[in-house]
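So this block is run27.cif, mmCIF, C-alpha atoms:
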data_data
#
loop_
_atom_site.label_atom_id
_atom_site.label_comp_id
_atom_site.auth_asym_id
_atom_site.auth_seq_id
_atom_site.Cartn_x
_atom_site.Cartn_y
_atom_site.Cartn_z
CA MET A 1 94.71 94.50 86.50
CA ILE A 2 92.24 93.83 89.25
CA SER A 3 89.66 91.13 88.62
CA ALA A 4 86.28 92.55 87.64
CA HIS A 5 84.44 89.53 89.07
CA THR A 6 84.81 90.18 92.77
CA PRO A 7 84.67 93.69 94.21
CA HIS A 8 87.83 94.66 96.03
CA LEU A 9 87.61 96.73 99.16
CA LEU A 10 89.42 100.05 99.00
CA HIS A 11 90.90 102.23 101.75
CA SER A 12 93.24 105.24 101.85
CA PHE A 13 96.27 105.49 104.13
CA PRO A 14 98.31 108.65 104.81
CA SER A 15 102.05 108.08 104.50
CA PRO A 16 105.09 110.36 104.80
CA LEU A 17 105.41 110.11 101.00
CA GLY A 18 101.80 111.05 100.31
CA PRO A 19 98.50 109.22 100.32
CA LEU A 20 98.43 105.52 99.57
CA TRP A 21 95.48 103.47 98.35
CA LEU A 22 95.13 99.88 99.51
CA SER A 23 92.77 97.24 98.21
CA ALA A 24 91.99 93.75 99.43
CA SER A 25 90.09 90.72 98.26
CA ASP A 26 89.16 87.55 100.10
CA GLN A 27 92.53 86.13 98.94
CA GLY A 28 94.68 88.91 100.41
CA LEU A 29 96.02 92.41 99.91
CA SER A 30 95.46 93.07 96.20
CA GLY A 31 96.71 96.60 95.73
CA LEU A 32 98.93 99.34 97.14
CA TRP A 33 99.38 102.48 95.09
CA PHE A 34 100.63 106.02 95.57
CA GLY A 35 97.75 108.42 94.97
CA GLU A 36 99.21 109.96 91.83
CA GLN A 37 101.17 107.09 90.33
CA LYS A 38 100.99 105.69 86.81
CA HIS A 39 98.70 102.76 86.03
CA LEU A 40 96.16 103.47 88.76
CA PRO A 41 92.97 101.47 88.44
CA ASP A 42 89.68 103.33 88.17
CA PHE A 43 88.71 103.56 91.84
CA ASP A 44 85.31 105.00 90.87
CA ASP A 45 84.34 101.71 89.19
CA LYS A 46 81.83 100.40 91.73
CA LYS A 47 81.87 96.95 90.11
CA ARG A 48 85.57 96.66 90.99
CA PHE A 49 85.98 98.66 94.19
CA THR A 50 83.97 99.37 97.33
CA LEU A 51 85.18 101.79 99.99
CA ALA A 52 85.53 99.77 103.18
CA GLU A 53 88.07 98.45 105.63
CA HIS A 54 89.44 94.91 105.67
CA ARG A 55 91.69 92.98 108.03
CA TYR A 56 94.34 92.56 105.31
CA MET A 57 94.47 96.31 104.77
CA GLN A 58 94.71 96.82 108.54
CA ALA A 59 97.64 94.39 108.73
CA ALA A 60 99.35 96.18 105.82
CA MET A 61 98.83 99.60 107.42
CA GLU A 62 100.37 98.36 110.69
CA GLN A 63 103.46 97.10 108.86
CA LEU A 64 103.68 100.24 106.71
CA THR A 65 103.53 102.41 109.85
CA ARG A 66 106.51 100.50 111.30
CA TYR A 67 108.30 100.64 107.94
CA PHE A 68 107.95 104.42 107.57
CA ALA A 69 109.01 104.88 111.22
CA GLY A 70 112.30 103.15 110.33
CA GLU A 71 111.58 100.16 112.57
CA MET A 72 112.04 97.57 109.81
CA LYS A 73 115.55 98.20 108.51
CA ARG A 74 116.94 94.97 107.07
CA GLN A 75 113.69 93.21 107.95
CA ASP A 76 111.24 92.26 105.25
CA PHE A 77 107.50 92.66 105.49
CA SER A 78 105.76 89.71 107.08
CA PHE A 79 103.30 87.92 104.84
CA GLY A 80 101.25 84.84 105.59
CA LYS A 81 97.98 84.19 107.34
CA ALA A 82 97.65 87.73 108.77
CA LEU A 83 98.70 89.42 105.51
CA PRO A 84 98.50 87.22 102.42
CA LEU A 85 99.06 88.82 99.04
CA ASP A 86 96.62 88.45 96.15
CA LEU A 87 98.83 88.70 93.06
CA ASN A 88 96.43 86.77 90.84
CA GLN A 89 95.33 89.76 88.79
CA GLY A 90 98.24 89.69 86.36
CA THR A 91 99.34 87.35 83.60
CA ALA A 92 101.42 84.29 84.47
CA PHE A 93 104.53 86.16 83.31
CA GLN A 94 103.72 89.22 85.44
CA GLN A 95 103.06 87.02 88.45
CA SER A 96 106.45 85.33 88.02
CA VAL A 97 108.13 88.75 87.96
CA TRP A 98 106.20 89.92 91.04
CA GLN A 99 107.20 86.74 92.88
CA ALA A 100 110.83 87.44 91.93
CA LEU A 101 110.49 90.96 93.37
CA LEU A 102 109.47 89.44 96.70
CA ARG A 103 112.88 87.71 96.85
CA ILE A 104 114.81 91.02 96.81
CA PRO A 105 115.66 91.56 100.49
CA MET A 106 115.16 94.85 102.28
CA GLY A 107 118.40 96.78 102.03
CA GLY A 108 119.18 95.04 98.74
CA SER A 109 118.57 95.69 95.08
CA SER A 110 118.40 93.86 91.78
CA THR A 111 118.39 94.67 88.08
CA TYR A 112 115.88 93.94 85.37
CA GLY A 113 118.39 91.55 83.80
CA GLU A 114 118.91 89.68 87.05
CA ILE A 115 115.17 89.28 87.48
CA ALA A 116 114.83 88.02 83.89
CA ALA A 117 117.56 85.47 84.60
CA ASN A 118 115.93 84.49 87.92
CA ILE A 119 112.66 83.65 86.16
CA ASN A 120 114.57 81.64 83.52
CA ASN A 121 113.85 84.09 80.73
CA PRO A 122 117.08 86.11 80.33
CA ALA A 123 116.00 87.64 77.00
CA ALA A 124 112.86 89.16 78.54
CA VAL A 125 114.49 92.20 80.15
CA ARG A 126 112.07 94.70 78.58
CA ALA A 127 109.06 92.55 79.42
CA VAL A 128 110.34 92.33 82.99
CA GLY A 129 110.52 96.12 83.06
CA ALA A 130 106.92 96.36 81.88
CA ALA A 131 105.76 93.84 84.50
CA VAL A 132 107.66 95.66 87.25
CA GLY A 133 105.91 98.88 86.20
CA ARG A 134 102.51 97.16 86.52
CA ASN A 135 103.19 95.77 89.99
CA PRO A 136 99.85 96.18 91.80
CA ILE A 137 101.26 96.09 95.34
CA GLY A 138 103.93 98.77 95.57
CA ILE A 139 106.36 98.96 98.49
CA LEU A 140 105.38 95.52 99.87
CA VAL A 141 106.23 93.86 96.54
CA PRO A 142 109.44 95.88 96.27
CA CYS A 143 109.63 97.10 92.68
CA HIS A 144 111.46 100.18 93.99
CA ARG A 145 114.49 97.91 94.63
CA VAL A 146 115.01 97.33 90.90
CA LEU A 147 117.80 99.37 89.34
CA GLY A 148 119.28 99.72 85.87
CA LYS A 149 122.10 97.33 84.94
CA ASP A 150 124.66 100.07 85.71
CA GLY A 151 123.06 100.71 89.13
CA SER A 152 121.21 103.78 87.91
CA LEU A 153 117.86 104.76 89.31
CA THR A 154 115.38 104.00 86.58
CA GLY A 155 111.70 104.87 86.38
CA TYR A 156 109.18 104.10 89.07
CA ALA A 157 105.40 104.18 88.62
CA GLY A 158 105.06 106.00 91.96
CA GLY A 159 107.58 108.64 90.89
CA LEU A 160 111.38 108.63 90.99
CA ASP A 161 111.36 110.92 94.04
CA LYS A 162 109.43 108.26 95.98
CA LYS A 163 111.76 105.50 94.79
CA ILE A 164 114.72 107.49 96.09
CA GLU A 165 113.05 108.03 99.47
CA LEU A 166 112.12 104.35 99.81
CA LEU A 167 115.69 103.28 98.99
CA ARG A 168 117.04 105.81 101.51
CA LEU A 169 114.65 104.52 104.16
CA GLU A 170 115.93 100.99 103.53
CA GLY A 171 119.58 102.05 103.61
CA VAL A 172 120.30 101.32 99.94
CA LEU A 173 120.98 105.01 99.28
CA ILE A 174 122.59 107.43 101.69
#
Any chance you could put this one into structure tokens?
Amino acid sequence: MISAHTPHLLHSFPSPLGPLWLSASDQGLSGLWFGEQKHLPDFDDKKRFTLAEHRYMQAAMEQLTRYFAGEMKRQDFSFGKALPLDLNQGTAFQQSVWQALLRIPMGGSSTYGEIAANINNPAAVRAVGAAVGRNPIGILVPCHRVLGKDGSLTGYAGGLDKKIELLRLEGVLI
């Protein structure tokens, strides 16, 4: 959930998979959602969001444009000074899961169980699944790269059709 204390700037971005919404705070990119996905924040809440542009959103849109054009195969998104991520809006557990998602390389995949083991909580597979579903920065924090333990395509807050297309774009699926 986005912090209610500091308004986050909000901007839309057209993508080949439908409209995306991006948000940013002073700490970094704080949100990236498909327009019709589950767990969308209330963008009409003026205490939380203000429609505006921000340099972090601009940096994200530049990388997303290259990503959707297929120019980033086997190359992860570039974070840092130009595009820091603000993942502070979740619980400590959620943040640990989101950090684990960042370690799944483009062209790769992981399972909920592997992520639970990677955060030293192997019994928390279901809680990992819930945290993955609440990932506030889709695509860039690659929750779409998480598969079922048998390799099956499991749910995706943005829609299973979008998960399939993202995995195809990255070369995980043919």
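Considering the residues A:His39, A:Lys47, A:Lys149, A:Lys162 and counting all atoms listed in the file, A:Gly18 has its shortest atom-to-atom contact with A:Lys162.
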- Run through the PyMOL selection byres ((chain A and resi 81) around 12) on the given coordinates and return the selected residues as a PyMOL selection string. chain A and resi 26-29+55-56+59+78-80+82-85
- Task: May I ask which of the residues A:Gln58, A:Gln99, A:Gln94, A:Thr111 is the closest one to A:His144, counting all atoms listed in the file?
- Result: A:Thr111
Give as a PDB file with C-alpha atoms, in the coordinates of the input the set of residues within 10 Å of the point (109.7, 95.8, 91.0), where distances use the file's coordinates and all atoms listed in the file.
ATOM      1  CA  VAL A  97     108.130  88.750  87.960  1.00  0.00           C
ATOM      2  CA  TRP A  98     106.200  89.920  91.040  1.00  0.00           C
ATOM      3  CA  GLN A  99     107.200  86.740  92.880  1.00  0.00           C
ATOM      4  CA  ALA A 100     110.830  87.440  91.930  1.00  0.00           C
ATOM      5  CA  LEU A 101     110.490  90.960  93.370  1.00  0.00           C
ATOM      6  CA  LEU A 102     109.470  89.440  96.700  1.00  0.00           C
ATOM      7  CA  ILE A 104     114.810  91.020  96.810  1.00  0.00           C
ATOM      8  CA  SER A 109     118.570  95.690  95.080  1.00  0.00           C
ATOM      9  CA  SER A 110     118.400  93.860  91.780  1.00  0.00           C
ATOM     10  CA  THR A 111     118.390  94.670  88.080  1.00  0.00           C
ATOM     11  CA  TYR A 112     115.880  93.940  85.370  1.00  0.00           C
ATOM     12  CA  ILE A 115     115.170  89.280  87.480  1.00  0.00           C
ATOM     13  CA  VAL A 128     110.340  92.330  82.990  1.00  0.00           C
ATOM     14  CA  GLY A 129     110.520  96.120  83.060  1.00  0.00           C
ATOM     15  CA  ALA A 130     106.920  96.360  81.880  1.00  0.00           C
ATOM     16  CA  ALA A 131     105.760  93.840  84.500  1.00  0.00           C
ATOM     17  CA  VAL A 132     107.660  95.660  87.250  1.00  0.00           C
ATOM     18  CA  GLY A 133     105.910  98.880  86.200  1.00  0.00           C
ATOM     19  CA  ARG A 134     102.510  97.160  86.520  1.00  0.00           C
ATOM     20  CA  ASN A 135     103.190  95.770  89.990  1.00  0.00           C
ATOM     21  CA  PRO A 136      99.850  96.180  91.800  1.00  0.00           C
ATOM     22  CA  ILE A 137     101.260  96.090  95.340  1.00  0.00           C
ATOM     23  CA  GLY A 138     103.930  98.770  95.570  1.00  0.00           C
ATOM     24  CA  ILE A 139     106.360  98.960  98.490  1.00  0.00           C
ATOM     25  CA  LEU A 140     105.380  95.520  99.870  1.00  0.00           C
ATOM     26  CA  VAL A 141     106.230  93.860  96.540  1.00  0.00           C
ATOM     27  CA  PRO A 142     109.440  95.880  96.270  1.00  0.00           C
ATOM     28  CA  CYS A 143     109.630  97.100  92.680  1.00  0.00           C
ATOM     29  CA  HIS A 144     111.460 100.180  93.990  1.00  0.00           C
ATOM     30  CA  ARG A 145     114.490  97.910  94.630  1.00  0.00           C
ATOM     31  CA  VAL A 146     115.010  97.330  90.900  1.00  0.00           C
ATOM     32  CA  LEU A 147     117.800  99.370  89.340  1.00  0.00           C
ATOM     33  CA  TYR A 156     109.180 104.100  89.070  1.00  0.00           C
ATOM     34  CA  ALA A 157     105.400 104.180  88.620  1.00  0.00           C
TER      35      ALA A 157
END
- Message: What's the separation between atom CA of A:Asp76 and atom CA of A:Leu64, in Å to one decimal place?
- Response: 11.1 Å
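By chain and then residue number, the residues within 12 Å of A:Ile174 are Gly107, Ile164, Glu165, Leu166, Leu167, Arg168, Leu169, Glu170 and Gly171 of chain A, counting all atoms listed in the file and disregarding those fewer than 3 positions away in sequence.
Of note, atom CA of A:Ser25 and atom CA of A:Ala60 are spaced 13.1 Å apart.
Nearest to A:Gly108 of all the residues A:Glu53, A:Asp150, A:Leu9, A:Gln75 is A:Gln75, counting all atoms listed in the file.
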Output file request: stretch 129-147 of chain A, with N, CA and C atoms, as a compact mmCIF listing (two decimals), in the first residue's frame.
# COMPACT_ATOMS: atom_id res chain seq x y z
N GLY A 129 3.25 -16.00 -1.88
CA GLY A 129 2.30 -15.82 -2.97
C GLY A 129 1.46 -14.57 -2.78
N ALA A 130 1.02 -14.32 -1.55
CA ALA A 130 0.23 -13.12 -1.27
C ALA A 130 1.07 -11.86 -1.47
N ALA A 131 2.32 -11.88 -1.05
CA ALA A 131 3.20 -10.72 -1.21
C ALA A 131 3.50 -10.47 -2.69
N VAL A 132 3.71 -11.55 -3.44
CA VAL A 132 3.95 -11.41 -4.88
C VAL A 132 2.74 -10.75 -5.53
N GLY A 133 1.55 -11.15 -5.15
CA GLY A 133 0.32 -10.59 -5.70
C GLY A 133 0.12 -9.12 -5.36
N ARG A 134 0.76 -8.65 -4.30
CA ARG A 134 0.65 -7.24 -3.88
C ARG A 134 1.84 -6.40 -4.32
N ASN A 135 2.69 -6.96 -5.16
CA ASN A 135 3.84 -6.22 -5.68
C ASN A 135 3.37 -4.90 -6.29
N PRO A 136 3.87 -3.76 -5.79
CA PRO A 136 3.38 -2.48 -6.30
C PRO A 136 4.05 -2.02 -7.60
N ILE A 137 5.13 -2.68 -7.99
CA ILE A 137 5.86 -2.22 -9.18
C ILE A 137 5.99 -3.38 -10.16
N GLY A 138 4.88 -3.67 -10.83
CA GLY A 138 4.86 -4.76 -11.80
C GLY A 138 5.90 -4.57 -12.90
N ILE A 139 6.19 -5.61 -13.59
CA ILE A 139 7.14 -5.70 -14.69
C ILE A 139 8.55 -5.42 -14.20
N LEU A 140 8.83 -4.24 -13.65
CA LEU A 140 10.19 -3.90 -13.21
C LEU A 140 10.62 -4.76 -12.02
N VAL A 141 9.71 -4.98 -11.09
CA VAL A 141 9.93 -5.95 -10.01
C VAL A 141 9.18 -7.19 -10.51
N PRO A 142 9.92 -8.14 -11.08
CA PRO A 142 9.34 -9.14 -11.99
C PRO A 142 8.53 -10.27 -11.35
N CYS A 143 7.37 -9.93 -10.82
CA CYS A 143 6.51 -10.96 -10.25
C CYS A 143 5.97 -11.90 -11.32
N HIS A 144 5.98 -11.47 -12.58
CA HIS A 144 5.50 -12.33 -13.66
C HIS A 144 6.44 -13.52 -13.90
N ARG A 145 7.64 -13.47 -13.35
CA ARG A 145 8.61 -14.56 -13.52
C ARG A 145 8.45 -15.67 -12.49
N VAL A 146 7.43 -15.57 -11.64
CA VAL A 146 7.20 -16.58 -10.61
C VAL A 146 6.18 -17.59 -11.13
N LEU A 147 6.56 -18.86 -11.07
CA LEU A 147 5.74 -19.96 -11.57
C LEU A 147 5.37 -20.90 -10.43
